[in-house]
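Worksheet: one structure, shown below.
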Amino acid sequence: MPNSVDPNSPIYRIRVAVPVHLYDCFDYKLSAEQYQQAHIGARVAISFGRRHLIGVIVEKIPTDVPLNSSFQLKAIDALLDDRAILNEQVLSLLTWSANYYQFPLGEVIQTALPSLLRQGKPYNLLATVWNVLKPSAENELKRSEKQRNAYKLLSVHPQGTSEHLLNLSGIENSTLKALQKKGLIDTALKPQDFSAPPVQMAQMPLTANPDQRLAIQQILKAQNKYQAFLLDGLTGSGKTEVYLQVMQEVLKKGKQVLVLVPEIGLTPQTIDRFQSRFHCHIALLHSGLNDSKRLQAWQYAETGKAAIILGTRSAIYTPMPNLGLIILDEEHDLSFKQQEGFRYHARDVGLYRAALAKCPIILGSATPSIDSYHLVEQGKLTCLELNQRAGNAIMPKMHVIDLKIAKKQHGMSQQLLDEIGKCLARKEQVLIFLNRRGYAPVLLCEQCAWQANCPHCDAHLTLHYQPYSHLHCHHCSTIQRLPSACPACHHTSLKPIGMGTAKVEASLQELFPDQLIIRVDRDSTSRVGSWQKIQEQIHQNKSAILLGTQMLAKGHHFPYVTLVAILDIDAGLLSVDFRAPERTAQLIVQVAGRSGRGEKKGDVYLQTHRPDHPLLLTLIHKDYRAFAKQTLIERQQALLPPYRYAALLRCESRSQENNQQFLKQMSQQLQQQSTPVPLPPASLPLIDIWGPIPAPMERKAGRYQAHMVLLSAERAKMHFYLRHWWQQLLKEKPSDLKISIDIDPQELN
């Protein structure tokens, strides 16, 4: 429609980041009064095509800027916030992230907003508060210790206690509802109090050893300025104590602390440590929260009420008005990299956020990433080493068992089984690690060698017996009934091949019938609160067998574990991914580090068919740092990351030929591209293009996958080309073809 607006009258406009997969922001008009009330970083309700969406204002366009469009602008539907809910610092971080990871700003901003705010719900929701209705009723609760403890806590707060604080104190909603049903307590909705309570020490800090003391002093020197530290500490060396003592000084100054952990499973033990040390408001942010609890925690952070914000990956984008310190625990962990959609890395975003906030950041790990060691080489990270375990604990001794010659029973060597028996007889705990859930990874017909394969993926179906007998693809979630006979030859001799955690559990129950066996994997922890209950079991039973996947390897403190067994590490030694040795070494060291963290010495038994593998020999006879140093040399010689910057293009369709043809065409365009904009300095090298090639798993969920890797020695060159080429590629791709770009990819799958 032609523009019918009086050219002499001012046009009030705002620029809005819209949650659609388009790389532009869009202008909307509004009244003069709305223009005065609008704030950059506030939400706005808009119509976009036929859809009604919630966008965020990223710019207020001055009225003297001419309107270039020949089309009439749409008016906004409503202003939703009377102030900015995303502050300037967070908006700058989100804009940088969108540019760096080549993703639309409107969709990137969604990462920073809780679900209810993305839906347009009001910012100031009421808080759930519980009150005692019937005082002095403890005698009615003799049967339930949980209910009695909850009632006692509520009784000392006559004005009521928020559900959030009760949950942080370990009181479950089911307990509160049981008390409500008995007529002893009731709930009400009240306006939230966002004033920040004073921070108090709950417990005196431990005495730091010399390494810890030096690290604490170095970090505290960097208060009120940006400096990045790599806290490189052996497993059990007291990294958490360093965090706590640095946090204490930051919190004293009225600043907020953001702590990121890789998995939800680590938050209960971490929050216990924080609560035992500090009396302050702690906000939890992770995917296990329901929408209202997540919004409430986000509000506590955004208003400054929460002094400590503890969360997983996406919490890096949480607004905080007084950010004074960022901590990334287990910084090497792959969970910090988002693997779908907006593929950001919380570690790298965290470094940029700390620079914006002018505050220190600590990256902590017993097995730092090769990328972080490279940043130390470049002087961008200051390395602080912790070389002794806390207290009297000593590093465990590693033993390698050659499966080619070992006598075996149920997939475990007799030597290992004997050592497990001795350990349990001493009333100590054993941790058995196998990074494969289910009962068996392959179902095989002994007559004709038929294997149960996924019809949609280049993968075997995993055999599960719980909660019922079935075959399950762990890649596309296909589920099939367990056949009673071979579909190919109709023979009934179907045999499970290989071991999953469920099969090992059954074997251990047969071998050690009187022992408590606690299995920890995605299947056993799928219910809400199940992981917390498992942790309580582990800490209450000194004699037990802990069996699990990577969930057991990540930063947990199990003081009664004195023997760790790693059943199968060979897959990591044979992978085609150049990062596989790094991941495997980290896994071995992290799992081994769960042993001997208490007063007794620990042992680690590693079963393998490759006992002479160089990686294993380096870890056993030297240490992880020696492995990392050698890996850096090899990466530099091969011109692999971190010595070159990488971007991975993933392409999928119903035809591998279509994938290859399209990527080849795009590759030629990139090589021959001559852009109309000025080129960067001529000294910058060309981009090196690898591929296209089929992905390691060529067919997944019924679609074929192909890859193309771009490498450049200079980041500026990479992003200069990608900025123009990638968006052009999106416009030219066929409709049946799906593509994505992964900047600094961590996996080649």
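The way I read the labels, and the way they are meant: chains A, B, ... in the order of the structure tokens, residue 1 as the first residue of every chain, and ligand 1 as the first ligand shown, with later ones counted on from there.
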Using only C-alpha atoms, determine which residues lie at most 6 Å from segment 308-311 of chain A, disregarding the query and same-chain residues fewer than 2 positions distant; provide the list as a PDB file with C-alpha atoms, in the first residue's frame.
ATOM      1  CA  GLN A 256      26.236 -10.913  42.201  1.00  0.00           C
ATOM      2  CA  VAL A 257      27.934 -14.178  41.254  1.00  0.00           C
ATOM      3  CA  LEU A 258      26.956 -16.329  38.262  1.00  0.00           C
ATOM      4  CA  VAL A 259      27.945 -20.011  38.577  1.00  0.00           C
ATOM      5  CA  LEU A 260      27.465 -22.347  35.603  1.00  0.00           C
ATOM      6  CA  ILE A 282      20.242 -18.215  45.561  1.00  0.00           C
ATOM      7  CA  ALA A 283      18.409 -18.457  42.227  1.00  0.00           C
ATOM      8  CA  LEU A 284      18.401 -21.756  40.319  1.00  0.00           C
ATOM      9  CA  LEU A 285      18.062 -21.691  36.530  1.00  0.00           C
ATOM     10  CA  HIS A 286      17.884 -24.965  34.606  1.00  0.00           C
ATOM     11  CA  ALA A 306      19.492 -13.109  44.110  1.00  0.00           C
ATOM     12  CA  ALA A 315      21.880 -19.021  32.369  1.00  0.00           C
TER      13      ALA A 315
END
Fill in: Lys152 of chain A environment, 10 Å, only C-alpha atoms, sequence neighbours closer than 6 positions dropped, as a list in words
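My reading of the contact set: Val132, Pro135, Ser136, Ala137 and Glu138 of chain A.
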Save out the residues we just selected, C-alpha atoms, as a PDB file, in the first residue's frame.
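Below you can see out.pdb, which holds the result:
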ATOM      1  CA  VAL A 132       0.735 -22.233  59.200  1.00  0.00           C
ATOM      2  CA  PRO A 135      -0.023 -23.846  65.418  1.00  0.00           C
ATOM      3  CA  SER A 136       1.631 -26.337  67.797  1.00  0.00           C
ATOM      4  CA  ALA A 137       0.507 -29.398  65.841  1.00  0.00           C
ATOM      5  CA  GLU A 138       3.815 -31.281  65.733  1.00  0.00           C
TER       6      GLU A 138
END
Worksheet entry | Residues within 10 Å of segment 404-409 of chain A, only C-alpha atoms, excluding chain neighbours under 3 positions, as number ranges by chain | A: 401, 412-417, 507, 511, 607-611
Output file for the residues above (N, CA and C atoms, as a tab-separated table (two decimals), in the first residue's frame):
chain	number	residue	atom	x	y	z
A	401	ILE	N	43.90	-53.48	32.50
A	401	ILE	CA	43.63	-54.91	32.33
A	401	ILE	C	43.47	-55.19	30.84
A	412	MET	N	33.40	-58.83	32.59
A	412	MET	CA	34.34	-58.22	33.54
A	412	MET	C	35.44	-59.22	33.86
A	413	SER	N	36.66	-58.74	33.94
A	413	SER	CA	37.79	-59.63	34.19
A	413	SER	C	37.70	-60.20	35.61
A	414	GLN	N	38.24	-61.38	35.77
A	414	GLN	CA	38.23	-62.02	37.10
A	414	GLN	C	39.03	-61.19	38.09
A	415	GLN	N	40.12	-60.59	37.61
A	415	GLN	CA	40.93	-59.73	38.49
A	415	GLN	C	40.09	-58.58	39.04
A	416	LEU	N	39.32	-57.96	38.16
A	416	LEU	CA	38.47	-56.85	38.60
A	416	LEU	C	37.42	-57.32	39.59
A	417	LEU	N	36.77	-58.45	39.29
A	417	LEU	CA	35.73	-58.97	40.19
A	417	LEU	C	36.30	-59.30	41.57
A	507	SER	N	24.11	-58.55	35.94
A	507	SER	CA	25.27	-59.41	36.21
A	507	SER	C	25.79	-59.20	37.63
A	511	LEU	N	26.30	-61.74	40.77
A	511	LEU	CA	27.62	-61.98	41.36
A	511	LEU	C	27.69	-61.53	42.82
A	607	GLN	N	39.65	-51.55	31.81
A	607	GLN	CA	39.63	-52.69	30.90
A	607	GLN	C	39.72	-52.21	29.45
A	608	THR	N	40.60	-52.83	28.66
A	608	THR	CA	40.77	-52.40	27.27
A	608	THR	C	41.38	-53.52	26.44
A	609	HIS	N	41.10	-53.48	25.13
A	609	HIS	CA	41.80	-54.36	24.19
A	609	HIS	C	43.05	-53.69	23.63
A	610	ARG	N	43.28	-52.42	24.01
A	610	ARG	CA	44.43	-51.65	23.49
A	610	ARG	C	45.29	-51.14	24.64
A	611	PRO	N	45.87	-52.01	25.46
A	611	PRO	CA	46.64	-51.53	26.63
A	611	PRO	C	47.89	-50.76	26.26
Discussion item. Residues near Leu214 of chain A, anyone? I mean within 10 Å using only C-alpha atoms, not counting same-chain ones fewer than 5 positions away, as a VMD selection string.
Written reply: chain A and resid 208 to 209 219 242 384 to 386
Worksheet entry | segment 49-55 of chain A environment, 7 Å, only C-alpha atoms, sequence neighbours closer than 6 positions dropped, as a PyMOL selection string | chain A and resi 16-19+43+118-120
Output the selection as a CSV table (one decimal), in the first residue's frame - C-alpha atoms for each residue.
chain,number,residue,atom,x,y,z
A,16,VAL,CA,12.0,-4.8,16.9
A,17,ALA,CA,13.9,-8.2,17.1
A,18,VAL,CA,11.2,-10.6,16.0
A,19,PRO,CA,11.4,-14.4,16.9
A,43,ARG,CA,8.9,-6.5,25.1
A,118,ARG,CA,8.2,-15.2,25.5
A,119,GLN,CA,4.5,-15.9,25.6
A,120,GLY,CA,3.7,-12.3,26.5
Practice prompt. Going by DSSP on the backbone, which bits of segment 153-287 of chain A are helix (DSSP H, G or I)? Write them as a PyMOL selection string, please.
Written response: chain A and resi 153-155+163-168+173-181+210-220+239-252+264-277
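For the set A:Lys293, A:Lys142, A:Lys358, A:Arg277, the residue with the smallest atom-to-atom gap to Leu244 of chain A is A:Arg277, counting only C-alpha atoms.
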With only C-alpha atoms counted and 10 Å as the cut-off, give the residues of segment 349-400 of chain A in contact with segment 320-344 of chain A, each with its shortest interatomic distance in Å and the pair that gives it, as CSV.
residue,atom,partner,partner_atom,distance
A:Val349,CA,A:Tyr344,CA,7.4
A:Gly350,CA,A:Ile326,CA,7.4
A:Leu351,CA,A:Ile326,CA,8.8
A:Arg353,CA,A:Ile326,CA,8.8
A:Ala354,CA,A:Ile326,CA,6.9
A:Ala357,CA,A:Leu323,CA,6.7
A:Lys358,CA,A:Gly324,CA,8.0
A:Cys359,CA,A:Gly324,CA,5.4
A:Pro360,CA,A:Leu325,CA,5.5
A:Ile361,CA,A:Ile326,CA,4.6
A:Ile362,CA,A:Ile327,CA,4.8
A:Leu363,CA,A:Leu328,CA,4.9
A:Gly364,CA,A:Asp329,CA,4.9
A:Ser365,CA,A:Glu330,CA,4.7
A:Ala366,CA,A:Glu330,CA,7.5
A:Thr367,CA,A:His332,CA,6.8
A:Pro368,CA,A:His332,CA,5.3
A:Ser369,CA,A:His332,CA,4.7
A:Ile370,CA,A:His332,CA,8.5
A:Asp371,CA,A:His332,CA,8.9
A:Ser372,CA,A:His332,CA,8.3
Worksheet entry | Residue nearest Leu189 of chain A among A:Leu632, A:Met551, A:Ala215, A:Leu126 (counting only C-alpha atoms) | A:Leu126
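Pairwise distance (atom CA of Asn435 of chain A, atom CA of Pro641 of chain A) equals 26.2 Å.
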Worksheet, complete the sentence: Val604 of chain A proximity check over A:Cys486, A:Phe627, A:Ile271, A:Met395, using only C-alpha atoms: winner is A:Met395
Discussion item. As a VMD selection string, please: the residues near Ile11 of chain A (cut-off 9 Å, only C-alpha atoms, same-chain neighbours under 4 positions excluded).
Written reply: chain A and resid 5 7 29 to 32 62 to 67
Write the residues of the preceding selection, restricted to N, CA and C atoms, as a tab-separated table (two decimals), in the first residue's frame.
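So the final result, stored in result.tsv, reads:
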chain	number	residue	atom	x	y	z
A	5	VAL	N	1.09	8.72	4.80
A	5	VAL	CA	1.41	9.55	5.96
A	5	VAL	C	1.85	10.93	5.51
A	7	PRO	N	4.03	13.80	5.00
A	7	PRO	CA	5.49	13.82	5.04
A	7	PRO	C	6.05	14.81	6.04
A	29	LYS	N	5.57	1.25	13.82
A	29	LYS	CA	5.22	2.60	14.25
A	29	LYS	C	4.38	2.53	15.52
A	30	LEU	N	4.36	3.64	16.24
A	30	LEU	CA	3.59	3.75	17.46
A	30	LEU	C	3.26	5.21	17.70
A	31	SER	N	2.41	5.47	18.65
A	31	SER	CA	2.01	6.84	18.92
A	31	SER	C	3.11	7.59	19.65
A	32	ALA	N	2.96	8.92	19.71
A	32	ALA	CA	3.95	9.75	20.41
A	32	ALA	C	4.02	9.37	21.88
A	62	PRO	N	15.21	7.82	15.92
A	62	PRO	CA	14.90	9.26	16.05
A	62	PRO	C	13.91	9.71	14.98
A	63	THR	N	13.07	10.65	15.34
A	63	THR	CA	12.02	11.10	14.41
A	63	THR	C	12.59	11.85	13.21
A	64	ASP	N	13.83	12.34	13.32
A	64	ASP	CA	14.40	13.07	12.17
A	64	ASP	C	15.07	12.14	11.15
A	65	VAL	N	15.06	10.82	11.41
A	65	VAL	CA	15.59	9.87	10.44
A	65	VAL	C	14.51	9.58	9.42
A	66	PRO	N	14.77	9.83	8.13
A	66	PRO	CA	13.71	9.67	7.12
A	66	PRO	C	13.31	8.20	6.96
A	67	LEU	N	12.06	8.01	6.59
A	67	LEU	CA	11.52	6.67	6.33
A	67	LEU	C	11.80	6.31	4.88
Worksheet item: Just asking: which residues within segment 315-381 of chain A are strand (DSSP E) according to DSSP, as a ChimeraX atom specification?
Response: /A:323-329,360-365
